[in-house]
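Colleague: First, the structure itself, so that you have it in front of you.
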Protein chains: 2
Amino acid sequence: MKDLLHRLFTKYGFNDEKAKVLADTHTENTLAGVNSHGINRVASFLHLVSEGIVKTDQEAIKLNAFGSIEQWDGQFGPGVINARKCTNRAIELAKSDGMGLVALKNTNHWMRGGAYGWQAAEAGCIAIMFTNTKPNMPPWGGKESRIGNNPFIIAIPRNKGHVVLDMAISQYSFGKINEYRLRGEKLPYPGGWDVNNELSNDPEKILQKERGLPIGYWKGSALSMILDMLATLLSAGKSTSKIGEQEHETGLSQVFLCIYPALFQDPNISEKLINEIIDYSRTSSPTNLGSQILYPGERTLRAIKSNREKGMKVNKEVWNEILSLLQY
Amino acid sequence: MKDLLHRLFTKYGFNDEKAKVLADTHTENTLAGVNSHGINRVASFLHLVSEGIVKTDQEAIKLNAFGSIEQWDGQFGPGVINARKCTNRAIELAKSDGMGLVALKNTNHWMRGGAYGWQAAEAGCIAIMFTNTKPNMPPWGGKESRIGNNPFIIAIPRNKGHVVLDMAISQYSFGKINEYRLRGEKLPYPGGWDVNNELSNDPEKILQKERGLPIGYWKGSALSMILDMLATLLSAGKSTSKIGEQEHETGLSQVFLCIYPALFQDPNISEKLINEIIDYSRTSSPTNLGSQILYPGERTLRAIKSNREKGMKVNKEVWNEILSLLQY
């Protein structure tokens, strides 16, 4: 998959190095079980490239620096390349100063946000990262979508498997809701609004207008709004409001904050404290036969292990489309 | 209220300066409409003082510093005093370096977390702050409480009224659930688990075992766990696990992160971008006649205004208990 995507991205005008980063990231996202932001997303990403929305020859550049805080401009380059670069920079700042923050404007979709959390954790860094998006949820008390699902990532390095929270502020993604629709099932919990502005767990009804529900109702609505403010203010970039005015979801604002705890604390102490929390959570008896208590990121590690052993499941149509793009 | 509480705290052994900070904070929390962490909490706080759980003669001291990251020890002093001090220190670091992080261990309940968000915003700082707590929610998939509701604060300074998110990771506090119980009402949404380990919106049933529900179900469960990890690891303090082993909720771990945006960006730009987001959210038409779309912190500003105009509502029993403590 890496080789094939590498060739494909090169064909679409990315230089060798960028094509490799893109191919590796889309493949690793698929390996992590997130096909929706891996292999399934390649064709639509290339469509944006063809349209000139994602610029092959542009990447993030530093605009402004104050101590360990920097403002970067993504120049509408590929979101994955920009996010990799800004994560690297935040890691670099954290390793020299203890803490580093990179605020990025004018970027494109970063695909799986967790990828950058894992990247930071691999480098021994704690990370707090978030992005704004187009409006896809109504603010609490309103009908029309005015806030984004704004994925929010927290990562903590750990020898026995990094801890990585990678969550959108919506209760379910529309992709997930569509999976329930295809299986003819209801959502286990309400996941969006129907045409009568009532909360619903019926995928058909929610997908008619695609208005998602924030986690925790009014709480997630407030969290989404303030994350958009932080990303927009710190990067001096576009808010969800401005992104929504455009035809495509582009020009996003993102924040990459890294902390390097090994500079001020013995890593064995950190490791012990994290394991204490994980071990304690598992002393809660399972609600159902076979239900398990997982730490954030554990499901991803299991997906990777399973995919390594059994191979990655890829939809045949998705794969054929990629092959045809390569031959076209 | 300030004068009376000042005298009361002095009587319980706090020096004049600390008694004033405590009196001011409990009064301001009440003015902000959060009686549960203001006037209603004074008597139980003083009980902990009498028991020696909260130490009147101790306060947070710096243990360790690396650049703009510092580890402090609260020495089991009053949570409000420690949090005020650590917020001040994070502001100071942010104003010199752009960004400052203070991790505090061995502290006590900080009452209303939002108070420190407002404190930072008043000083022109963005703030991200959180605390761990005793276990009061089951992790997703488990029966017994093993994670805390870990209040999480984000603050952004703004001329026309600061934006302050102050939310626990639980959908409802037990105090709020009890208010529904007293009114004989059901919760509008599920808020905890009944004795049969089923989600419930019945206050009576939830309060039988006091097992709360995280916002967004599995998402809030993961968020709570990782906030506990961050607070514990960064401060090298007690986790929710260790706090739960004790008779009282004490020895908490907290994080105070401040960023001073005026160092790298014209405040007028920041102001404009935040207002753009607030204004846009209000273009969503209200779901109900009279429903309003509020930005985080707006409800607090309204409560302050209303309380200033009409006086603060204080429960008569609560007030009488305070008067009796003062005379005792």
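Following the order of the structure tokens, first chain is A, next is B, and so on, with residues numbered from 1 inside each chain and ligands from 1 in the order they appear.
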Could you pull out the strand (DSSP E or B) residues of segment 21-209 of chain B, going by DSSP on the backbone, and write them as a CSV table (one decimal) with N, CA and C atoms, in the first residue's frame?
Modeller:
chain,number,residue,atom,x,y,z
B,61,ILE,N,4.5,25.5,47.6
B,61,ILE,CA,5.9,26.0,47.4
B,61,ILE,C,6.4,25.3,46.1
B,62,LYS,N,7.4,26.0,45.5
B,62,LYS,CA,8.0,25.5,44.3
B,62,LYS,C,9.0,24.4,44.6
B,63,LEU,N,8.9,23.3,43.9
B,63,LEU,CA,9.8,22.2,44.2
B,63,LEU,C,10.9,22.1,43.1
B,64,ASN,N,10.5,22.5,41.9
B,64,ASN,CA,11.3,22.1,40.7
B,64,ASN,C,10.9,23.0,39.6
B,65,ALA,N,11.9,23.5,38.8
B,65,ALA,CA,11.6,24.3,37.7
B,65,ALA,C,12.5,23.9,36.5
B,66,PHE,N,11.8,23.9,35.3
B,66,PHE,CA,12.6,23.8,34.1
B,66,PHE,C,12.0,24.7,33.1
B,69,ILE,N,8.2,25.6,32.9
B,69,ILE,CA,7.4,24.6,33.5
B,69,ILE,C,7.9,24.4,35.0
B,70,GLU,N,7.0,24.4,35.9
B,70,GLU,CA,7.3,24.3,37.3
B,70,GLU,C,6.5,23.3,38.0
B,71,GLN,N,7.1,22.5,39.0
B,71,GLN,CA,6.3,21.6,39.8
B,71,GLN,C,6.2,22.2,41.2
B,72,TRP,N,5.0,22.3,41.7
B,72,TRP,CA,4.8,22.8,43.1
B,72,TRP,C,4.2,21.8,44.0
B,73,ASP,N,4.4,22.0,45.3
B,73,ASP,CA,3.8,21.1,46.3
B,73,ASP,C,2.8,22.0,47.2
B,99,MET,N,4.4,31.6,27.6
B,99,MET,CA,3.7,30.4,28.1
B,99,MET,C,4.3,29.9,29.4
B,100,GLY,N,3.4,29.5,30.3
B,100,GLY,CA,3.9,29.0,31.6
B,100,GLY,C,3.0,27.9,32.1
B,101,LEU,N,3.6,26.8,32.6
B,101,LEU,CA,2.9,25.7,33.2
B,101,LEU,C,3.3,25.4,34.6
B,102,VAL,N,2.3,25.4,35.5
B,102,VAL,CA,2.6,25.1,36.9
B,102,VAL,C,1.7,23.8,37.2
B,103,ALA,N,2.4,22.8,37.6
B,103,ALA,CA,1.8,21.5,38.0
B,103,ALA,C,1.9,21.4,39.5
B,104,LEU,N,0.7,21.2,40.2
B,104,LEU,CA,0.6,21.3,41.6
B,104,LEU,C,0.1,20.0,42.2
B,105,LYS,N,0.9,19.5,43.2
B,105,LYS,CA,0.4,18.3,43.9
B,105,LYS,C,0.0,18.6,45.3
B,106,ASN,N,-0.6,17.6,46.0
B,106,ASN,CA,-0.9,17.7,47.4
B,106,ASN,C,-1.7,18.9,47.7
B,107,THR,N,-2.7,19.2,46.9
B,107,THR,CA,-3.5,20.4,47.2
B,107,THR,C,-4.9,19.9,47.6
B,126,ILE,N,-4.7,33.5,28.2
B,126,ILE,CA,-5.4,32.3,27.9
B,126,ILE,C,-5.0,31.3,28.9
B,127,ALA,N,-6.0,30.5,29.4
B,127,ALA,CA,-5.6,29.4,30.4
B,127,ALA,C,-6.3,28.1,30.0
B,128,ILE,N,-5.5,27.0,30.3
B,128,ILE,CA,-6.0,25.7,30.3
B,128,ILE,C,-5.7,25.1,31.6
B,129,MET,N,-6.7,24.7,32.4
B,129,MET,CA,-6.5,24.2,33.7
B,129,MET,C,-7.4,23.0,34.0
B,130,PHE,N,-6.9,22.1,34.8
B,130,PHE,CA,-7.7,21.0,35.2
B,130,PHE,C,-7.2,20.4,36.6
B,131,THR,N,-8.1,19.7,37.2
B,131,THR,CA,-7.8,19.0,38.5
B,131,THR,C,-8.3,17.6,38.4
B,137,MET,N,-17.2,8.3,38.9
B,137,MET,CA,-17.8,7.8,37.7
B,137,MET,C,-17.2,6.4,37.4
B,142,GLY,N,-17.3,-0.4,32.8
B,142,GLY,CA,-17.1,-0.9,34.2
B,142,GLY,C,-18.3,-0.5,35.1
B,147,ILE,N,-13.0,6.6,37.9
B,147,ILE,CA,-12.5,7.8,37.3
B,147,ILE,C,-13.2,9.0,38.0
B,152,PHE,N,-12.5,20.8,34.1
B,152,PHE,CA,-11.6,21.2,33.0
B,152,PHE,C,-12.0,22.6,32.6
B,153,ILE,N,-11.0,23.5,32.6
B,153,ILE,CA,-11.3,24.9,32.4
B,153,ILE,C,-10.4,25.4,31.2
B,154,ILE,N,-11.1,26.2,30.3
B,154,ILE,CA,-10.4,26.9,29.3
B,154,ILE,C,-10.9,28.3,29.3
B,155,ALA,N,-9.9,29.3,29.3
B,155,ALA,CA,-10.3,30.7,29.4
B,155,ALA,C,-9.6,31.5,28.3
B,156,ILE,N,-10.3,32.5,27.8
B,156,ILE,CA,-9.8,33.3,26.7
B,156,ILE,C,-10.1,34.8,27.1
B,163,VAL,N,-14.2,34.8,27.8
B,163,VAL,CA,-14.8,33.5,27.4
B,163,VAL,C,-14.2,32.4,28.3
B,164,VAL,N,-15.0,31.8,29.2
B,164,VAL,CA,-14.5,30.8,30.1
B,164,VAL,C,-15.4,29.6,30.1
B,165,LEU,N,-14.8,28.5,29.7
B,165,LEU,CA,-15.4,27.2,29.8
B,165,LEU,C,-15.0,26.6,31.2
B,166,ASP,N,-16.0,26.2,31.9
B,166,ASP,CA,-15.7,25.6,33.3
B,166,ASP,C,-16.6,24.4,33.4
B,167,MET,N,-16.1,23.2,33.0
B,167,MET,CA,-17.0,22.0,33.0
B,167,MET,C,-16.3,20.8,33.7
B,170,SER,N,-18.3,15.0,34.1
B,170,SER,CA,-19.6,14.4,34.3
B,170,SER,C,-20.7,15.2,33.6
B,192,GLY,N,-26.5,9.2,35.1
B,192,GLY,CA,-25.8,8.2,35.9
B,192,GLY,C,-26.4,6.9,35.9
B,193,TRP,N,-25.9,6.0,36.7
B,193,TRP,CA,-26.3,4.6,36.7
B,193,TRP,C,-27.1,4.2,37.9
B,199,LEU,N,-28.2,2.9,32.6
B,199,LEU,CA,-28.3,4.4,32.6
B,199,LEU,C,-29.6,4.9,33.0
B,200,SER,N,-29.7,6.0,33.7
B,200,SER,CA,-30.9,6.5,34.2
B,200,SER,C,-31.0,8.0,34.2
Colleague: Segment 291-302 of chain A: which residues within 8 Å, counting only C-alpha atoms, same-chain residues fewer than 5 positions away excluded, as an mmCIF file with N, CA and C atoms, in the first residue's frame?
Modeller:
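out26.cif, written as the output of this step:
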data_model
loop_
_atom_site.group_PDB
_atom_site.id
_atom_site.type_symbol
_atom_site.label_atom_id
_atom_site.label_comp_id
_atom_site.auth_asym_id
_atom_site.auth_seq_id
_atom_site.Cartn_x
_atom_site.Cartn_y
_atom_site.Cartn_z
ATOM 1 N N ALA A 32 -4.027 1.401 11.455
ATOM 2 C CA ALA A 32 -4.595 1.699 12.780
ATOM 3 C C ALA A 32 -6.107 1.474 12.804
ATOM 4 N N GLY A 33 -6.654 1.015 11.690
ATOM 5 C CA GLY A 33 -8.084 0.686 11.651
ATOM 6 C C GLY A 33 -8.968 1.857 11.268
ATOM 7 N N GLY A 161 3.025 1.091 25.577
ATOM 8 C CA GLY A 161 1.978 1.513 24.637
ATOM 9 C C GLY A 161 1.526 2.914 24.994
ATOM 10 N N HIS A 162 1.699 3.835 24.076
ATOM 11 C CA HIS A 162 1.338 5.223 24.357
ATOM 12 C C HIS A 162 -0.148 5.359 24.650
ATOM 13 N N VAL A 163 -0.469 6.365 25.448
ATOM 14 C CA VAL A 163 -1.865 6.676 25.727
ATOM 15 C C VAL A 163 -2.244 7.831 24.803
ATOM 16 N N VAL A 164 -3.220 7.609 23.938
ATOM 17 C CA VAL A 164 -3.590 8.646 22.967
ATOM 18 C C VAL A 164 -5.113 8.766 22.873
ATOM 19 N N LEU A 165 -5.611 9.901 23.309
ATOM 20 C CA LEU A 165 -7.028 10.241 23.124
ATOM 21 C C LEU A 165 -7.149 10.943 21.785
ATOM 22 N N ASP A 166 -8.031 10.462 20.926
ATOM 23 C CA ASP A 166 -8.234 11.083 19.612
ATOM 24 C C ASP A 166 -9.734 11.137 19.406
ATOM 25 N N ILE A 278 -4.115 3.274 34.885
ATOM 26 C CA ILE A 278 -4.681 2.238 34.005
ATOM 27 C C ILE A 278 -5.075 1.008 34.825
ATOM 28 N N SER A 281 -8.250 1.541 36.843
ATOM 29 C CA SER A 281 -9.500 1.552 36.057
ATOM 30 C C SER A 281 -9.978 0.124 35.813
ATOM 31 N N ARG A 282 -9.023 -0.801 35.709
ATOM 32 C CA ARG A 282 -9.374 -2.193 35.399
ATOM 33 C C ARG A 282 -9.863 -2.976 36.601
ATOM 34 N N PRO A 286 -16.544 -5.590 34.939
ATOM 35 C CA PRO A 286 -17.187 -5.301 33.652
ATOM 36 C C PRO A 286 -18.718 -5.342 33.742
ATOM 37 N N PRO B 139 -15.512 3.924 34.782
ATOM 38 C CA PRO B 139 -14.945 4.036 33.437
ATOM 39 C C PRO B 139 -15.872 3.305 32.470
ATOM 40 N N TRP B 140 -15.865 3.674 31.195
ATOM 41 C CA TRP B 140 -16.787 3.064 30.241
ATOM 42 C C TRP B 140 -16.558 1.554 30.180
ATOM 43 N N GLY B 141 -17.621 0.784 30.387
ATOM 44 C CA GLY B 141 -17.501 -0.677 30.376
ATOM 45 C C GLY B 141 -17.393 -1.279 31.768
ATOM 46 N N GLY B 142 -17.292 -0.426 32.804
ATOM 47 C CA GLY B 142 -17.141 -0.942 34.164
ATOM 48 C C GLY B 142 -18.281 -0.512 35.073
ATOM 49 N N ALA B 222 -12.711 8.422 28.528
ATOM 50 C CA ALA B 222 -11.306 8.496 28.090
ATOM 51 C C ALA B 222 -10.704 9.863 28.435
ATOM 52 N N MET B 225 -9.887 10.040 32.137
ATOM 53 C CA MET B 225 -8.714 9.232 32.481
ATOM 54 C C MET B 225 -7.418 9.925 32.068
ATOM 55 N N ILE B 226 -7.413 10.523 30.890
ATOM 56 C CA ILE B 226 -6.168 11.126 30.408
ATOM 57 C C ILE B 226 -5.881 12.462 31.115
#
Colleague: What parts of segment 168-219 of chain B does DSSP call helix (DSSP H, G or I)? I'd like the answer as a ChimeraX atom specification.
Modeller: /B:174-182,203-209,218-219
Colleague: Selected residues, N, CA and C atoms, written as a CSV table (one decimal), in the first residue's frame, please.
Modeller:
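Output (again_31.csv):
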chain,number,residue,atom,x,y,z
B,174,PHE,N,-23.5,15.7,41.1
B,174,PHE,CA,-24.5,15.1,42.1
B,174,PHE,C,-25.3,16.2,42.7
B,175,GLY,N,-24.7,17.4,42.9
B,175,GLY,CA,-25.5,18.5,43.5
B,175,GLY,C,-26.7,18.9,42.6
B,176,LYS,N,-26.4,18.9,41.3
B,176,LYS,CA,-27.4,19.3,40.3
B,176,LYS,C,-28.5,18.2,40.2
B,177,ILE,N,-28.0,16.9,40.3
B,177,ILE,CA,-29.0,15.8,40.3
B,177,ILE,C,-29.9,15.9,41.5
B,178,ASN,N,-29.3,16.3,42.6
B,178,ASN,CA,-30.1,16.4,43.9
B,178,ASN,C,-31.1,17.5,43.7
B,179,GLU,N,-30.8,18.6,43.0
B,179,GLU,CA,-31.8,19.7,42.8
B,179,GLU,C,-33.0,19.1,42.1
B,180,TYR,N,-32.7,18.3,41.1
B,180,TYR,CA,-33.9,17.7,40.3
B,180,TYR,C,-34.7,16.8,41.3
B,181,ARG,N,-34.0,16.1,42.1
B,181,ARG,CA,-34.7,15.2,43.1
B,181,ARG,C,-35.6,16.0,44.0
B,182,LEU,N,-35.1,17.1,44.5
B,182,LEU,CA,-35.9,17.9,45.4
B,182,LEU,C,-37.1,18.5,44.7
B,203,PRO,N,-33.3,10.9,39.3
B,203,PRO,CA,-32.4,11.3,40.3
B,203,PRO,C,-32.4,10.4,41.5
B,204,GLU,N,-33.5,9.9,42.0
B,204,GLU,CA,-33.6,9.0,43.1
B,204,GLU,C,-32.7,7.8,42.8
B,205,LYS,N,-32.9,7.2,41.7
B,205,LYS,CA,-32.1,6.0,41.3
B,205,LYS,C,-30.6,6.2,41.2
B,206,ILE,N,-30.2,7.4,40.6
B,206,ILE,CA,-28.8,7.6,40.5
B,206,ILE,C,-28.2,7.9,41.8
B,207,LEU,N,-28.9,8.6,42.7
B,207,LEU,CA,-28.3,9.0,44.0
B,207,LEU,C,-28.2,7.8,45.0
B,208,GLN,N,-28.8,6.7,44.6
B,208,GLN,CA,-28.6,5.5,45.5
B,208,GLN,C,-27.2,5.1,45.5
B,209,LYS,N,-26.5,5.2,44.4
B,209,LYS,CA,-25.1,4.7,44.4
B,209,LYS,C,-24.1,5.8,43.9
B,218,TRP,N,-18.3,6.9,26.3
B,218,TRP,CA,-16.9,6.5,26.2
B,218,TRP,C,-15.9,7.6,26.0
B,219,LYS,N,-16.4,8.7,25.3
B,219,LYS,CA,-15.4,9.7,25.0
B,219,LYS,C,-15.0,10.5,26.3
Colleague: Would you kindly return, as a PyMOL selection string, each protein, DNA or RNA residue with an atom no farther than 12 Å from any atom of Ser324 of chain B, considering only C-alpha atoms and excluding same-chain residues fewer than 5 positions away?
Modeller: chain B and resi 4+8+43+317-319
Colleague: For the atom pair atom CA of Leu325 of chain A and atom CA of Ala303 of chain A, what is the interatomic distance in Å to one decimal place?
Modeller: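 Spanning atom CA of Leu325 of chain A to atom CA of Ala303 of chain A is a straight-line distance of 27.8 Å.
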Colleague: Neighbouring residues of Thr56 of chain A were defined as those with any atom within 9 Å, considering only C-alpha atoms; residues of the same chain fewer than 6 positions away were excluded. Please report them as JSON, numbers by chain.
Modeller: {"A": [12, 13, 14, 15, 18, 49, 76, 77, 78]}
Colleague: Applying 8 Å and only C-alpha atoms, which residues near Ser284 of chain A remain after dropping the ones on its own chain fewer than 5 positions away? List them as a ChimeraX atom specification.
Modeller: /B:138-139,142-146
Colleague: Export, as an mmCIF file, in the first residue's frame, the selected residues with N, CA and C atoms.
Modeller:
data_model
loop_
_atom_site.group_PDB
_atom_site.id
_atom_site.type_symbol
_atom_site.label_atom_id
_atom_site.label_comp_id
_atom_site.auth_asym_id
_atom_site.auth_seq_id
_atom_site.Cartn_x
_atom_site.Cartn_y
_atom_site.Cartn_z
ATOM 1 N N PRO B 138 -17.971 5.462 36.890
ATOM 2 C CA PRO B 138 -17.358 4.241 36.364
ATOM 3 C C PRO B 138 -16.674 4.535 35.024
ATOM 4 N N PRO B 139 -15.512 3.924 34.782
ATOM 5 C CA PRO B 139 -14.945 4.036 33.437
ATOM 6 C C PRO B 139 -15.872 3.305 32.470
ATOM 7 N N GLY B 142 -17.292 -0.426 32.804
ATOM 8 C CA GLY B 142 -17.141 -0.942 34.164
ATOM 9 C C GLY B 142 -18.281 -0.512 35.073
ATOM 10 N N LYS B 143 -18.401 -1.196 36.200
ATOM 11 C CA LYS B 143 -19.489 -0.912 37.130
ATOM 12 C C LYS B 143 -19.100 0.090 38.223
ATOM 13 N N GLU B 144 -17.974 -0.143 38.891
ATOM 14 C CA GLU B 144 -17.620 0.695 40.036
ATOM 15 C C GLU B 144 -16.870 1.950 39.580
ATOM 16 N N SER B 145 -17.060 3.025 40.341
ATOM 17 C CA SER B 145 -16.409 4.301 40.012
ATOM 18 C C SER B 145 -14.888 4.178 40.151
ATOM 19 N N ARG B 146 -14.183 4.513 39.082
ATOM 20 C CA ARG B 146 -12.727 4.477 39.103
ATOM 21 C C ARG B 146 -12.115 5.716 38.453
#
Colleague: Would you list the contacts of Ile304 of chain A as a PyMOL selection string, taking every protein, DNA or RNA residue within 10 Å and counting only C-alpha atoms, but skipping same-chain residues closer than 6 positions in sequence?
Modeller: chain A and resi 28-33+298+310-312
Colleague: Could the residues in this selection be written to a file with C-alpha atoms, as a PDB file, in the first residue's frame?
Modeller:
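selection16.pdb was written with the following content:
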ATOM      1  CA  GLU A  28      -0.537   3.844   8.846  1.00  0.00           C
ATOM      2  CA  ASN A  29      -3.986   5.333   9.384  1.00  0.00           C
ATOM      3  CA  THR A  30      -5.413   2.284   7.605  1.00  0.00           C
ATOM      4  CA  LEU A  31      -3.221  -0.040   9.666  1.00  0.00           C
ATOM      5  CA  ALA A  32      -4.595   1.699  12.780  1.00  0.00           C
ATOM      6  CA  GLY A  33      -8.084   0.686  11.651  1.00  0.00           C
ATOM      7  CA  GLU A 298      -5.525   0.736  23.400  1.00  0.00           C
ATOM      8  CA  LYS A 310      -4.450 -10.886   9.408  1.00  0.00           C
ATOM      9  CA  GLY A 311      -3.849  -8.157   6.858  1.00  0.00           C
ATOM     10  CA  MET A 312      -5.760  -4.911   6.483  1.00  0.00           C
TER      11      MET A 312
END
Colleague: For Leu5 of chain A, find every residue with an atom within 12 Å (counting only C-alpha atoms), except residues of its own chain fewer than 3 positions away, and show them as number ranges by chain.
Modeller: A: 1-2, 8-12, 14, 16, 18-28, 38-39, 41-43, 46, 319, 322-323, 325-326
Colleague: Those same residues, written as a PDB file, in the first residue's frame with C-alpha atoms?
Modeller:
ATOM      1  CA  MET A   1       0.000   0.000   0.000  1.00  0.00           C
ATOM      2  CA  LYS A   2       2.842   2.364   0.857  1.00  0.00           C
ATOM      3  CA  LEU A   8       0.158   7.619  -6.952  1.00  0.00           C
ATOM      4  CA  PHE A   9       0.980  10.780  -4.982  1.00  0.00           C
ATOM      5  CA  THR A  10       4.097  11.319  -7.111  1.00  0.00           C
ATOM      6  CA  LYS A  11       1.939  11.058 -10.202  1.00  0.00           C
ATOM      7  CA  TYR A  12      -0.290  13.814  -8.831  1.00  0.00           C
ATOM      8  CA  PHE A  14       4.042  15.740  -5.063  1.00  0.00           C
ATOM      9  CA  ASP A  16       9.331  12.241  -3.724  1.00  0.00           C
ATOM     10  CA  LYS A  18       6.160  14.514   0.325  1.00  0.00           C
ATOM     11  CA  ALA A  19       4.651  11.623  -1.615  1.00  0.00           C
ATOM     12  CA  LYS A  20       6.358   9.266   0.826  1.00  0.00           C
ATOM     13  CA  VAL A  21       5.056  11.057   3.944  1.00  0.00           C
ATOM     14  CA  LEU A  22       1.540  11.078   2.470  1.00  0.00           C
ATOM     15  CA  ALA A  23       1.726   7.401   1.461  1.00  0.00           C
ATOM     16  CA  ASP A  24       3.096   6.372   4.854  1.00  0.00           C
ATOM     17  CA  THR A  25       0.483   8.341   6.787  1.00  0.00           C
ATOM     18  CA  HIS A  26      -2.508   7.111   4.764  1.00  0.00           C
ATOM     19  CA  THR A  27      -1.192   3.549   5.111  1.00  0.00           C
ATOM     20  CA  GLU A  28      -0.537   3.844   8.846  1.00  0.00           C
ATOM     21  CA  GLY A  38      -6.604   6.337   5.443  1.00  0.00           C
ATOM     22  CA  ILE A  39      -7.129   4.420   2.235  1.00  0.00           C
ATOM     23  CA  ARG A  41      -9.836   9.104   1.792  1.00  0.00           C
ATOM     24  CA  VAL A  42      -7.114   8.964  -0.865  1.00  0.00           C
ATOM     25  CA  ALA A  43      -9.366   9.465  -3.886  1.00  0.00           C
ATOM     26  CA  LEU A  46      -6.562  13.650  -4.866  1.00  0.00           C
ATOM     27  CA  TRP A 319      -8.988  -0.254  -3.878  1.00  0.00           C
ATOM     28  CA  ILE A 322      -7.062   3.772  -6.464  1.00  0.00           C
ATOM     29  CA  LEU A 323      -5.725   1.328  -9.046  1.00  0.00           C
ATOM     30  CA  LEU A 325      -6.318   6.507 -10.627  1.00  0.00           C
ATOM     31  CA  LEU A 326      -2.822   5.082 -10.875  1.00  0.00           C
TER      32      LEU A 326
END
